[in-house]
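A.B. asks: For reference, the file run_11.cif (mmCIF, C-alpha atoms and all ligand atoms) is included below:
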```cif
data_my_file
#
loop_
_atom_site.label_atom_id
_atom_site.label_comp_id
_atom_site.auth_asym_id
_atom_site.auth_seq_id
_atom_site.Cartn_x
_atom_site.Cartn_y
_atom_site.Cartn_z
CA MET A 1 -29.40 -25.56 -3.80
CA THR A 2 -28.78 -23.37 -0.73
CA PRO A 3 -25.94 -21.00 -1.50
CA ARG A 4 -23.28 -21.71 1.12
CA VAL A 5 -19.75 -20.40 1.02
CA ALA A 6 -16.92 -21.63 3.21
CA ASP A 7 -16.63 -20.21 6.73
CA ARG A 8 -13.27 -18.69 5.91
CA LEU A 9 -14.90 -16.48 3.31
CA ASN A 10 -17.55 -15.30 5.75
CA ALA A 11 -14.79 -14.21 8.11
CA LEU A 12 -13.19 -12.13 5.34
CA SER A 13 -14.17 -8.50 4.62
CA GLU A 14 -14.29 -7.08 1.11
CA SER A 15 -11.31 -4.83 0.34
CA GLN A 16 -12.67 -1.37 1.26
CA THR A 17 -10.38 0.36 -1.24
CA LEU A 18 -11.67 -1.83 -4.05
CA ALA A 19 -15.25 -1.51 -2.73
CA MET A 20 -15.17 2.31 -2.91
CA ALA A 21 -13.65 2.13 -6.38
CA ARG A 22 -16.44 -0.26 -7.41
CA MET A 23 -19.14 2.02 -6.01
CA SER A 24 -17.78 5.04 -7.85
CA ARG A 25 -17.57 3.07 -11.11
CA GLU A 26 -21.21 2.02 -10.66
CA LEU A 27 -22.29 5.64 -10.14
CA GLN A 28 -20.23 6.75 -13.15
CA ALA A 29 -21.90 4.04 -15.27
CA ARG A 30 -25.27 5.61 -14.30
CA GLY A 31 -24.03 8.89 -15.74
CA ILE A 32 -23.21 10.52 -12.39
CA ASP A 33 -20.04 12.58 -12.42
CA VAL A 34 -18.16 11.03 -9.50
CA ILE A 35 -14.51 11.92 -8.98
CA SER A 36 -12.84 8.86 -7.55
CA LEU A 37 -9.99 9.60 -5.19
CA SER A 38 -10.51 6.20 -3.64
CA ILE A 39 -8.20 3.68 -5.24
CA GLY A 40 -4.44 3.99 -4.91
CA GLU A 41 -3.33 3.83 -8.50
CA PRO A 42 -1.14 6.19 -10.56
CA ASP A 43 -3.12 7.86 -13.36
CA TYR A 44 0.04 7.89 -15.49
CA ASP A 45 0.38 5.32 -18.27
CA THR A 46 3.19 2.79 -18.17
CA PRO A 47 6.37 4.32 -19.71
CA GLU A 48 7.06 3.50 -23.38
CA PHE A 49 10.34 1.62 -22.78
CA ILE A 50 8.50 -0.84 -20.53
CA LYS A 51 5.66 -1.34 -23.01
CA GLN A 52 8.24 -1.98 -25.75
CA ALA A 53 9.82 -4.78 -23.67
CA ALA A 54 6.39 -6.41 -23.42
CA LYS A 55 5.80 -6.14 -27.16
CA ASP A 56 9.20 -7.72 -27.79
CA ALA A 57 8.35 -10.52 -25.36
CA ILE A 58 5.25 -11.40 -27.38
CA ASP A 59 7.19 -11.35 -30.65
CA ASP A 60 9.90 -13.49 -29.06
CA ASN A 61 7.27 -16.05 -28.03
CA PHE A 62 7.57 -15.80 -24.28
CA THR A 63 4.22 -17.49 -24.17
CA HIS A 64 4.87 -20.69 -22.22
CA TYR A 65 4.68 -21.47 -18.50
CA PRO A 66 7.45 -19.63 -16.68
CA PRO A 67 9.31 -21.05 -13.66
CA VAL A 68 7.16 -20.66 -10.51
CA PRO A 69 9.39 -18.04 -8.77
CA GLY A 70 9.91 -16.02 -11.97
CA PHE A 71 12.31 -16.00 -14.92
CA PRO A 72 15.95 -16.28 -13.75
CA ASP A 73 16.94 -13.08 -15.59
CA LEU A 74 14.15 -11.11 -13.93
CA ARG A 75 15.21 -12.41 -10.50
CA GLU A 76 18.79 -11.36 -11.36
CA ALA A 77 17.48 -7.94 -12.40
CA VAL A 78 15.76 -7.60 -9.00
CA CYS A 79 19.11 -8.37 -7.33
CA THR A 80 20.76 -5.71 -9.51
CA LYS A 81 18.12 -3.19 -8.42
CA LEU A 82 18.51 -4.08 -4.72
CA LYS A 83 22.28 -3.61 -4.97
CA ARG A 84 22.10 -0.43 -7.05
CA ASP A 85 19.32 1.37 -5.16
CA ASN A 86 19.44 -0.14 -1.66
CA ARG A 87 23.01 -1.45 -1.29
CA LEU A 88 21.59 -4.86 -0.40
CA GLU A 89 23.14 -8.16 -1.51
CA TYR A 90 20.70 -10.87 -2.59
CA GLN A 91 21.06 -14.01 -4.71
CA ALA A 92 18.50 -14.69 -7.45
CA SER A 93 17.42 -17.76 -5.43
CA GLU A 94 16.23 -15.39 -2.69
CA ILE A 95 13.78 -13.60 -5.01
CA VAL A 96 10.23 -14.82 -5.72
CA VAL A 97 8.18 -12.93 -8.31
CA SER A 98 4.40 -13.00 -7.87
CA THR A 99 1.13 -11.67 -9.27
CA GLY A 100 1.42 -8.26 -7.60
CA ALA A 101 2.81 -7.31 -4.22
CA LYS A 102 -0.55 -8.39 -2.83
CA GLN A 103 0.17 -12.00 -3.74
CA SER A 104 3.70 -11.64 -2.38
CA ILE A 105 2.24 -10.61 0.99
CA ALA A 106 -0.36 -13.40 0.86
CA ASN A 107 2.38 -15.97 0.14
CA VAL A 108 4.47 -14.74 3.05
CA ILE A 109 1.64 -14.71 5.58
CA LEU A 110 0.12 -18.01 4.52
CA SER A 111 3.55 -19.66 4.47
CA LEU A 112 4.79 -18.39 7.82
CA VAL A 113 1.90 -17.61 10.16
CA ASN A 114 0.28 -20.45 12.11
CA PRO A 115 -3.13 -20.28 13.77
CA GLY A 116 -2.67 -18.39 17.05
CA ASP A 117 0.55 -16.66 15.98
CA GLU A 118 0.61 -12.92 16.63
CA VAL A 119 1.48 -10.43 13.93
CA ILE A 120 2.24 -6.87 15.03
CA VAL A 121 0.62 -4.30 12.75
CA PRO A 122 0.95 -0.52 13.23
CA ILE A 123 -2.24 1.50 12.73
CA PRO A 124 -3.06 2.80 10.17
CA TYR A 125 -2.38 -0.31 8.08
CA TRP A 126 -3.10 -1.22 4.49
CA VAL A 127 -6.51 -2.92 4.22
CA SER A 128 -5.38 -6.34 3.04
CA TYR A 129 -2.88 -7.02 5.85
CA LEU A 130 -5.56 -7.71 8.40
CA GLU A 131 -7.65 -9.96 6.18
CA LEU A 132 -4.65 -12.03 5.11
CA ILE A 133 -3.60 -12.51 8.75
CA LYS A 134 -7.17 -13.62 9.53
CA LEU A 135 -7.10 -16.03 6.59
CA ALA A 136 -3.98 -17.64 8.07
CA GLY A 137 -5.70 -17.94 11.47
CA GLY A 138 -3.20 -15.48 12.97
CA LYS A 139 -3.97 -12.71 15.42
CA ALA A 140 -3.21 -9.10 14.55
CA VAL A 141 -1.79 -7.10 17.46
CA PHE A 142 -2.14 -3.40 16.77
CA ILE A 143 0.06 -0.47 17.69
CA ASN A 144 -1.69 2.90 17.62
CA SER A 145 -0.35 6.02 16.02
CA SER A 146 -2.01 9.29 15.12
CA ILE A 147 -1.45 12.52 13.28
CA HIS A 148 0.37 13.82 16.40
CA GLU A 149 3.22 11.31 15.86
CA LYS A 150 3.07 11.73 12.08
CA PHE A 151 1.52 8.23 12.04
CA LYS A 152 4.76 6.55 13.14
CA ILE A 153 5.29 4.17 16.05
CA SER A 154 8.04 4.35 18.67
CA PRO A 155 10.50 1.64 19.76
CA ALA A 156 8.81 1.60 23.20
CA GLN A 157 5.43 0.87 21.60
CA LEU A 158 6.96 -1.97 19.59
CA GLU A 159 8.60 -3.45 22.68
CA ALA A 160 5.28 -3.30 24.58
CA ALA A 161 3.43 -5.15 21.80
CA ILE A 162 5.81 -8.13 21.75
CA THR A 163 4.75 -11.35 23.51
CA PRO A 164 6.05 -14.93 23.40
CA GLN A 165 3.47 -15.53 20.62
CA THR A 166 4.80 -12.78 18.33
CA ARG A 167 5.74 -14.28 15.00
CA MET A 168 6.03 -11.27 12.73
CA PHE A 169 6.23 -7.47 12.68
CA MET A 170 4.83 -5.69 9.61
CA ILE A 171 6.03 -2.29 8.52
CA ASN A 172 5.08 -0.24 5.46
CA SER A 173 7.26 2.75 4.64
CA PRO A 174 6.35 4.91 2.74
CA SER A 175 2.93 4.10 4.15
CA ASN A 176 -0.44 3.51 2.62
CA PRO A 177 -2.64 5.24 3.85
CA SER A 178 -0.70 7.86 5.86
CA GLY A 179 2.24 8.59 3.54
CA ALA A 180 4.54 8.40 6.58
CA VAL A 181 8.18 7.60 5.85
CA TYR A 182 10.53 6.20 8.51
CA SER A 183 14.06 7.64 8.45
CA LYS A 184 17.11 5.42 8.87
CA GLU A 185 17.44 6.69 12.47
CA GLU A 186 13.81 5.86 13.27
CA LEU A 187 14.26 2.38 11.80
CA ALA A 188 17.43 1.95 13.88
CA GLY A 189 15.31 2.46 17.02
CA LEU A 190 12.89 -0.27 15.92
CA ALA A 191 15.78 -2.52 14.85
CA ALA A 192 17.32 -2.24 18.33
CA VAL A 193 14.09 -3.62 19.82
CA LEU A 194 13.90 -6.44 17.28
CA GLU A 195 17.53 -7.35 18.00
CA ARG A 196 16.44 -8.31 21.51
CA HIS A 197 13.83 -10.69 20.03
CA PRO A 198 15.64 -12.90 17.52
CA GLU A 199 12.62 -15.11 16.77
CA ILE A 200 10.51 -12.34 15.22
CA LEU A 201 10.25 -12.11 11.43
CA VAL A 202 9.90 -8.72 9.72
CA LEU A 203 7.71 -8.09 6.70
CA SER A 204 8.80 -4.79 5.16
CA ASP A 205 6.36 -3.59 2.50
CA GLU A 206 8.33 -1.16 0.34
CA ILE A 207 5.96 -0.87 -2.61
CA TYR A 208 6.03 2.97 -2.44
CA GLU A 209 9.85 3.15 -2.33
CA LEU A 210 10.10 5.37 -5.40
CA ILE A 211 7.47 7.83 -4.19
CA ASN A 212 9.47 9.37 -1.37
CA PHE A 213 9.65 13.17 -1.31
CA GLU A 214 12.13 13.54 1.54
CA GLY A 215 15.50 11.85 1.79
CA SER A 216 16.40 8.38 0.66
CA HIS A 217 14.61 5.11 1.17
CA SER A 218 15.61 2.93 4.11
CA SER A 219 14.76 -0.68 4.85
CA LEU A 220 14.94 -2.76 8.03
CA ALA A 221 16.71 -5.37 5.87
CA SER A 222 19.76 -3.08 5.78
CA PHE A 223 20.43 -3.77 9.49
CA PRO A 224 22.79 -6.79 9.48
CA SER A 225 21.11 -8.36 12.50
CA LEU A 226 17.76 -8.33 10.66
CA ARG A 227 18.87 -9.22 7.13
CA ASP A 228 18.21 -12.94 7.61
CA ARG A 229 14.73 -12.59 9.07
CA THR A 230 13.35 -9.74 6.99
CA ILE A 231 11.16 -10.20 3.96
CA ILE A 232 11.22 -7.21 1.63
CA VAL A 233 8.04 -6.87 -0.43
CA ASN A 234 8.21 -4.60 -3.44
CA GLY A 235 6.99 -4.47 -7.03
CA VAL A 236 6.38 -2.30 -10.05
CA SER A 237 2.73 -1.27 -9.58
CA LYS A 238 3.23 2.15 -7.98
CA GLY A 239 6.69 3.44 -8.91
CA PHE A 240 6.44 2.44 -12.57
CA ALA A 241 2.70 2.97 -13.10
CA MET A 242 2.18 -0.75 -13.77
CA THR A 243 -0.79 -1.67 -11.57
CA GLY A 244 -2.45 -3.75 -14.27
CA TRP A 245 0.62 -5.81 -15.11
CA ARG A 246 0.42 -7.57 -11.74
CA ILE A 247 4.05 -7.99 -10.77
CA GLY A 248 5.38 -7.96 -7.21
CA TYR A 249 8.30 -9.70 -5.58
CA ILE A 250 9.92 -10.65 -2.30
CA ALA A 251 13.57 -10.65 -1.35
CA ALA A 252 14.00 -13.00 1.59
CA PRO A 253 16.23 -15.69 3.07
CA ASP A 254 16.32 -18.82 0.96
CA TRP A 255 14.08 -20.92 3.27
CA ILE A 256 11.34 -18.29 3.11
CA ALA A 257 11.70 -17.91 -0.66
CA ARG A 258 11.28 -21.71 -1.02
CA ALA A 259 8.20 -21.67 1.23
CA CYS A 260 6.59 -18.92 -0.87
CA GLU A 261 7.53 -20.73 -4.07
CA LYS A 262 5.78 -23.87 -2.79
CA MET A 263 2.66 -21.87 -1.86
CA GLN A 264 2.59 -20.07 -5.20
CA GLY A 265 3.11 -23.33 -7.08
CA GLN A 266 -0.30 -24.47 -5.86
CA PHE A 267 -2.14 -21.18 -6.29
CA THR A 268 -1.08 -19.47 -9.51
CA SER A 269 2.23 -20.91 -10.80
CA GLY A 270 4.65 -18.34 -12.17
CA THR A 271 3.06 -15.02 -13.05
CA GLY A 272 2.42 -13.79 -16.63
CA THR A 273 5.42 -14.04 -18.93
CA ILE A 274 4.80 -10.79 -20.84
CA SER A 275 4.46 -8.87 -17.57
CA GLN A 276 7.67 -10.42 -16.28
CA LYS A 277 9.61 -9.22 -19.32
CA ALA A 278 8.12 -5.74 -18.93
CA ALA A 279 9.05 -5.73 -15.22
CA MET A 280 12.61 -6.64 -16.15
CA ALA A 281 12.91 -3.42 -18.18
CA ALA A 282 11.60 -1.52 -15.14
CA MET A 283 14.10 -3.14 -12.77
CA LEU A 284 17.04 -2.41 -15.05
CA ALA A 285 16.02 1.24 -15.56
CA SER A 286 17.46 3.94 -13.35
CA PRO A 287 15.02 5.46 -10.85
CA GLU A 288 15.92 8.76 -12.57
CA ASP A 289 14.04 7.53 -15.67
CA VAL A 290 10.75 7.57 -13.77
CA LYS A 291 11.45 10.43 -11.36
CA TRP A 292 9.10 12.67 -13.36
CA MET A 293 6.18 10.72 -11.90
CA LYS A 294 7.36 11.33 -8.35
CA ASP A 295 7.80 15.03 -9.15
CA GLY A 296 4.24 15.11 -10.48
CA PHE A 297 2.92 13.45 -7.32
CA ARG A 298 4.72 16.00 -5.19
CA GLU A 299 3.08 18.91 -7.03
CA ARG A 300 -0.31 17.28 -6.56
CA ARG A 301 0.37 16.65 -2.90
CA ASP A 302 1.12 20.34 -2.40
CA LEU A 303 -1.99 21.36 -4.32
CA VAL A 304 -4.18 19.07 -2.23
CA LEU A 305 -2.60 20.13 1.07
CA GLY A 306 -3.08 23.82 0.25
CA MET A 307 -6.78 23.29 -0.50
CA LEU A 308 -7.45 20.93 2.43
CA ARG A 309 -5.89 23.34 4.91
CA LYS A 310 -8.55 25.92 4.00
CA ILE A 311 -11.39 23.58 4.99
CA PRO A 312 -12.51 24.14 8.60
CA GLY A 313 -12.52 20.98 10.73
CA ILE A 314 -9.84 19.19 8.71
CA LYS A 315 -6.41 18.62 10.23
CA VAL A 316 -3.72 17.48 7.83
CA ASP A 317 0.04 17.02 7.89
CA ALA A 318 2.31 16.91 4.85
CA PRO A 319 2.97 13.23 4.09
CA ASP A 320 6.55 12.45 3.02
CA GLY A 321 5.72 9.70 0.54
CA ALA A 322 3.20 7.55 -1.39
CA PHE A 323 0.27 9.36 -3.04
CA TYR A 324 -2.25 9.66 -0.24
CA VAL A 325 -3.24 12.22 2.35
CA PHE A 326 -4.85 10.97 5.53
CA PRO A 327 -6.47 13.98 7.20
CA ASP A 328 -7.95 13.80 10.68
CA VAL A 329 -11.62 14.75 10.29
CA SER A 330 -12.81 13.90 13.81
CA ALA A 331 -13.59 17.57 14.54
CA LEU A 332 -16.51 17.20 12.10
CA PHE A 333 -18.11 14.30 13.96
CA GLY A 334 -21.45 15.25 15.53
CA LYS A 335 -22.25 17.72 12.76
CA GLN A 336 -25.39 17.21 10.72
CA PHE A 337 -26.83 17.55 7.26
CA GLU A 338 -30.62 17.70 6.92
CA GLY A 339 -31.00 16.17 10.38
CA LYS A 340 -28.62 13.28 9.70
CA SER A 341 -25.51 13.11 11.89
CA ILE A 342 -21.98 12.43 10.72
CA ASN A 343 -20.56 10.27 13.48
CA ASN A 344 -17.55 8.50 11.98
CA SER A 345 -15.27 8.21 8.95
CA THR A 346 -17.75 6.00 7.07
CA ASP A 347 -20.62 8.48 7.55
CA LEU A 348 -18.42 11.29 6.27
CA CYS A 349 -17.26 9.34 3.20
CA MET A 350 -20.85 8.36 2.34
CA TYR A 351 -21.94 11.99 2.77
CA LEU A 352 -19.12 13.23 0.53
CA LEU A 353 -19.95 10.57 -2.07
CA GLU A 354 -23.62 11.60 -2.13
CA LYS A 355 -23.26 15.36 -1.72
CA ALA A 356 -19.89 16.19 -3.31
CA ARG A 357 -19.72 13.23 -5.68
CA VAL A 358 -16.18 12.53 -4.51
CA ALA A 359 -15.18 8.99 -3.54
CA LEU A 360 -12.75 8.63 -0.63
CA VAL A 361 -11.97 5.73 1.71
CA PRO A 362 -13.03 5.80 5.38
CA GLY A 363 -10.09 5.66 7.77
CA ILE A 364 -11.73 2.80 9.64
CA ALA A 365 -10.77 0.54 6.71
CA PHE A 366 -7.17 1.20 7.78
CA GLY A 367 -7.93 0.92 11.50
CA ASP A 368 -8.27 4.66 12.23
CA ASP A 369 -11.80 6.03 12.39
CA HIS A 370 -10.61 9.64 12.93
CA CYS A 371 -9.31 9.96 9.40
CA ILE A 372 -10.25 9.59 5.74
CA ARG A 373 -7.93 8.66 2.89
CA MET A 374 -7.67 10.67 -0.29
CA SER A 375 -5.55 9.39 -3.17
CA TYR A 376 -4.15 12.30 -5.15
CA ALA A 377 -2.87 10.20 -8.06
CA THR A 378 -5.12 12.00 -10.50
CA SER A 379 -4.94 15.14 -12.65
CA PRO A 380 -4.55 18.55 -10.96
CA ASP A 381 -7.77 19.74 -12.64
CA ARG A 382 -9.78 16.83 -11.23
CA LEU A 383 -8.17 17.34 -7.85
CA ARG A 384 -9.08 21.05 -7.83
CA THR A 385 -12.70 20.29 -8.72
CA ALA A 386 -12.89 17.51 -6.14
CA LEU A 387 -11.46 19.65 -3.35
CA LEU A 388 -13.81 22.55 -4.13
CA ARG A 389 -16.76 20.18 -3.97
CA VAL A 390 -15.55 18.65 -0.70
CA HIS A 391 -15.04 22.14 0.75
CA GLN A 392 -18.59 23.15 -0.20
CA ALA A 393 -20.14 19.95 1.19
CA ILE A 394 -18.29 20.30 4.49
CA SER A 395 -19.31 23.96 4.75
CA ASP A 396 -22.93 22.79 4.41
CA LEU A 397 -22.68 20.70 7.61
CA ARG A 398 -24.37 22.24 10.64
CA ASP A 399 -23.96 21.88 14.39
CA PRO A 400 -26.85 19.94 15.97
CA GLU A 401 -29.72 22.12 17.23
N1 LIG A 501 1.07 -2.97 -0.31
C1 LIG A 501 0.54 -1.74 -0.24
C2 LIG A 501 0.84 -0.92 0.96
C3 LIG A 501 -0.27 -1.25 -1.26
O1 LIG A 501 -0.80 -0.04 -1.18
C4 LIG A 501 -0.53 -2.07 -2.38
C5 LIG A 501 -1.40 -1.52 -3.49
N2 LIG A 501 -2.48 -2.20 -3.81
C6 LIG A 501 0.01 -3.35 -2.40
C7 LIG A 501 0.82 -3.77 -1.35
C8 LIG A 501 -0.25 -4.31 -3.49
O2 LIG A 501 0.34 -3.93 -4.69
P1 LIG A 501 0.08 -4.71 -6.05
O3 LIG A 501 -0.82 -3.85 -6.85
O4 LIG A 501 1.45 -4.85 -6.65
O5 LIG A 501 -0.53 -6.02 -5.72
N1 LIG A 502 -3.24 -0.38 -2.94
C1 LIG A 502 -4.32 0.27 -3.59
C2 LIG A 502 -5.16 0.97 -2.57
O1 LIG A 502 -4.88 0.91 -1.41
C3 LIG A 502 -5.05 -0.63 -4.53
C4 LIG A 502 -6.31 -1.27 -4.04
C5 LIG A 502 -6.11 -2.62 -3.43
O2 LIG A 502 -5.36 -3.41 -3.99
O3 LIG A 502 -6.70 -2.83 -2.39
O4 LIG A 502 -6.09 1.64 -2.96
#
```
For the structure just supplied, provide its representation as structure tokens.

C.D. replies:
Amino acid sequence: MTPRVADRLNALSESQTLAMARMSRELQARGIDVISLSIGEPDYDTPEFIKQAAKDAIDDNFTHYPPVPGFPDLREAVCTKLKRDNRLEYQASEIVVSTGAKQSIANVILSLVNPGDEVIVPIPYWVSYLELIKLAGGKAVFINSSIHEKFKISPAQLEAAITPQTRMFMINSPSNPSGAVYSKEELAGLAAVLERHPEILVLSDEIYELINFEGSHSSLASFPSLRDRTIIVNGVSKGFAMTGWRIGYIAAPDWIARACEKMQGQFTSGTGTISQKAAMAAMLASPEDVKWMKDGFRERRDLVLGMLRKIPGIKVDAPDGAFYVFPDVSALFGKQFEGKSINNSTDLCMYLLEKARVALVPGIAFGDDHCIRMSYATSPDRLRTALLRVHQAISDLRDPE
């Protein structure tokens, strides 16, 4: 039979973050010592008190189908967290728990975006946003930002991107890949624009909430005029080192929660029971209980910044959150190694993979070809070795004859 996949799959790109992680695993399996700074995943293990909750859940026989939007007590625990940490009031009925924040975002986009609808996405964006919008038949409308604006957009840029077709505005703070964090005042500027356009929904991806090195976390949902059209996406993967447990959630107005529940009911049903019970322990813990991870990320950020700043041709700003740096490497474009030119972020990442044995993600995967993304969620020793290798490889580049 002729292999033939559906057209919608042909239109979809492979996740570049997962692709780089796969390539480095393949090289490692061949015995090559690759340091992967590609995937965004804490190297810490899940804290003991969370693992204990999962063990108890098995012993207590939480082994049957759960309700589609999540166990009621977990949804209550999410409300407790939103009130305690964000001063936001939600009912359990407004929470839908999913198989990772990625599924939460997929549910939202597939439930709310019609073919032809425009979704405003600031660049750089997380890889999956664009593909999920495409899958829904929507049209991504981009807003540019660069290292000069600390990778943040202005209210005037948002206003200029809005058209009668705009259905949704997506924001991710702290940001993957730039680490940018919007302050309450900066969000107020964006909120003022959105107030003039009452038909626009807001998807606020707050998955890196707990990895914020400066100030407190702010959400567009905290502006009363936006509360009833904002969908908060959050989860436990990053802040609690629980990537493999696959738990994310939304907090959203009831009609949106019901739409996502309906979507999820056909795709996956409720997510894993053991993971849900573990996530409940995470939600009920104080952020102070896991602050040691954030402190560790901050030390690593400073280590990486110090080493990157010594490499000629690399421009980097201190990111305020998440666990990525997103240096501008465009000054290196045009340089050569053994007659081969480095012309864009993909060329540079392939060169660094081959020459330095360090896996990074090209900025083009996030919509910005001037930059590359480095995840520093790995041990300081590995980071030091990786940065020394990158420094050497970049020093070996030559200007064209
Ligand atoms: N949003 C952003 C910005 C992310 O970086 C990630 C990490 N993969 C996700 C959503 C999805 O998180 P999860 O692992 O919970 O699906
Ligand atoms: N969010 C992580 C990253 O950006 C995980 C990979 C993924 O889910 O795409 O690397």

A.B. asks: What is the distance between atom CA of A:Ser38 and atom CA of A:Leu360, in Å to one decimal?

C.D. replies: 4.5 Å

A.B. asks: I'd like the neighbourhood of stretch 20-28 of chain A as a PyMOL selection string, where a residue qualifies if any of its atoms comes within 8 Å (using all atoms listed in the file), though same-chain residues fewer than 4 positions away should be ignored.

C.D. replies: chain A and resi 16+32-36+38-39+359-361

A.B. asks: Can you write just those residues out, C-alpha atoms, as a PDB file, in the frame of the given file?

C.D. replies:
```
ATOM      1  CA  GLN A  16     -12.670  -1.370   1.260  1.00  0.00           C
ATOM      2  CA  ILE A  32     -23.210  10.520 -12.390  1.00  0.00           C
ATOM      3  CA  ASP A  33     -20.040  12.580 -12.420  1.00  0.00           C
ATOM      4  CA  VAL A  34     -18.160  11.030  -9.500  1.00  0.00           C
ATOM      5  CA  ILE A  35     -14.510  11.920  -8.980  1.00  0.00           C
ATOM      6  CA  SER A  36     -12.840   8.860  -7.550  1.00  0.00           C
ATOM      7  CA  SER A  38     -10.510   6.200  -3.640  1.00  0.00           C
ATOM      8  CA  ILE A  39      -8.200   3.680  -5.240  1.00  0.00           C
ATOM      9  CA  ALA A 359     -15.180   8.990  -3.540  1.00  0.00           C
ATOM     10  CA  LEU A 360     -12.750   8.630  -0.630  1.00  0.00           C
ATOM     11  CA  VAL A 361     -11.970   5.730   1.710  1.00  0.00           C
TER      12      VAL A 361
END
```

A.B. asks: Smallest atom-to-atom distance to ligand LIG 501 (chain A): which of A:Ser222, A:Ser216, A:Ser173, A:Thr166, using all atoms listed in the file?

C.D. replies: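 So, comparing all the options, the nearest one is A:Ser173.
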
A.B. asks: So what do you get for atom CA of A:Pro72 versus atom CA of A:Gln276, distance-wise?

C.D. replies: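 Going from atom CA of A:Pro72 over to atom CA of A:Gln276 covers 10.5 Å.
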
A.B. asks: Find the spatial neighbours of A:Val121, counting all atoms listed in the file, within a cut-off of 8 Å - ignore same-chain residues fewer than 5 positions away - and output them as a ChimeraX atom specification.

C.D. replies: /A:140-143,169-171

A.B. asks: What is the atom CA of A:Asp320-atom CA of A:Trp126 distance in Å, reported with one decimal?

C.D. replies: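 Atom CA of A:Asp320 sits 16.8 Å away from atom CA of A:Trp126.
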
A.B. asks: List all protein, DNA and RNA residues that have at least one atom no more than 9 Å from any atom of ligand LIG 501 (chain A), counting only C-alpha atoms and all ligand atoms, and write them as a short mmCIF file (atom, residue, chain, number, x, y, z; two decimals) with C-alpha atoms, in the frame of the given file.

C.D. replies:
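Everything below was put into out_9.cif:
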```cif
data_model
loop_
_atom_site.label_atom_id
_atom_site.label_comp_id
_atom_site.auth_asym_id
_atom_site.auth_seq_id
_atom_site.Cartn_x
_atom_site.Cartn_y
_atom_site.Cartn_z
CA THR A 17 -10.38 0.36 -1.24
CA ILE A 39 -8.20 3.68 -5.24
CA GLY A 40 -4.44 3.99 -4.91
CA GLU A 41 -3.33 3.83 -8.50
CA SER A 98 4.40 -13.00 -7.87
CA THR A 99 1.13 -11.67 -9.27
CA GLY A 100 1.42 -8.26 -7.60
CA ALA A 101 2.81 -7.31 -4.22
CA LYS A 102 -0.55 -8.39 -2.83
CA GLN A 103 0.17 -12.00 -3.74
CA SER A 104 3.70 -11.64 -2.38
CA ILE A 105 2.24 -10.61 0.99
CA TYR A 125 -2.38 -0.31 8.08
CA TRP A 126 -3.10 -1.22 4.49
CA VAL A 127 -6.51 -2.92 4.22
CA SER A 128 -5.38 -6.34 3.04
CA TYR A 129 -2.88 -7.02 5.85
CA ASN A 172 5.08 -0.24 5.46
CA SER A 173 7.26 2.75 4.64
CA PRO A 174 6.35 4.91 2.74
CA SER A 175 2.93 4.10 4.15
CA ASN A 176 -0.44 3.51 2.62
CA PRO A 177 -2.64 5.24 3.85
CA ASP A 205 6.36 -3.59 2.50
CA GLU A 206 8.33 -1.16 0.34
CA ILE A 207 5.96 -0.87 -2.61
CA TYR A 208 6.03 2.97 -2.44
CA VAL A 233 8.04 -6.87 -0.43
CA ASN A 234 8.21 -4.60 -3.44
CA GLY A 235 6.99 -4.47 -7.03
CA VAL A 236 6.38 -2.30 -10.05
CA SER A 237 2.73 -1.27 -9.58
CA LYS A 238 3.23 2.15 -7.98
CA MET A 242 2.18 -0.75 -13.77
CA THR A 243 -0.79 -1.67 -11.57
CA GLY A 244 -2.45 -3.75 -14.27
CA TRP A 245 0.62 -5.81 -15.11
CA ARG A 246 0.42 -7.57 -11.74
CA ILE A 247 4.05 -7.99 -10.77
CA GLY A 248 5.38 -7.96 -7.21
CA TYR A 249 8.30 -9.70 -5.58
CA ALA A 322 3.20 7.55 -1.39
#
```

A.B. asks: Point out the residue among A:Met374, A:Leu308, A:Cys79, A:Ile153 with the least atom-to-atom distance to ligand LIG 502 (chain A), counting all atoms listed in the file.

C.D. replies: A:Met374

A.B. asks: Could you check the closest approach to ligand LIG 502 (chain A) for each of A:Ser375, A:Ser13, A:Thr2, A:Thr385 and tell me which residue wins, using all atoms listed in the file?

C.D. replies: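 Ranking A:Ser375, A:Ser13, A:Thr2, A:Thr385 by distance to ligand LIG 502 (chain A), first place goes to A:Ser375.
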
A.B. asks: Using all atoms listed in the file, can you list as a PyMOL selection string the residues within 12 Å of (13.0, 10.2, -12.4)?

C.D. replies: chain A and resi 47+210-213+239-240+285-297

A.B. asks: Those same residues, written as a compact mmCIF listing (two decimals), in the frame of the given file with C-alpha atoms?

C.D. replies:
```txt
# COMPACT_ATOMS: atom_id res chain seq x y z
CA PRO A 47 6.37 4.32 -19.71
CA LEU A 210 10.10 5.37 -5.40
CA ILE A 211 7.47 7.83 -4.19
CA ASN A 212 9.47 9.37 -1.37
CA PHE A 213 9.65 13.17 -1.31
CA GLY A 239 6.69 3.44 -8.91
CA PHE A 240 6.44 2.44 -12.57
CA ALA A 285 16.02 1.24 -15.56
CA SER A 286 17.46 3.94 -13.35
CA PRO A 287 15.02 5.46 -10.85
CA GLU A 288 15.92 8.76 -12.57
CA ASP A 289 14.04 7.53 -15.67
CA VAL A 290 10.75 7.57 -13.77
CA LYS A 291 11.45 10.43 -11.36
CA TRP A 292 9.10 12.67 -13.36
CA MET A 293 6.18 10.72 -11.90
CA LYS A 294 7.36 11.33 -8.35
CA ASP A 295 7.80 15.03 -9.15
CA GLY A 296 4.24 15.11 -10.48
CA PHE A 297 2.92 13.45 -7.32
```
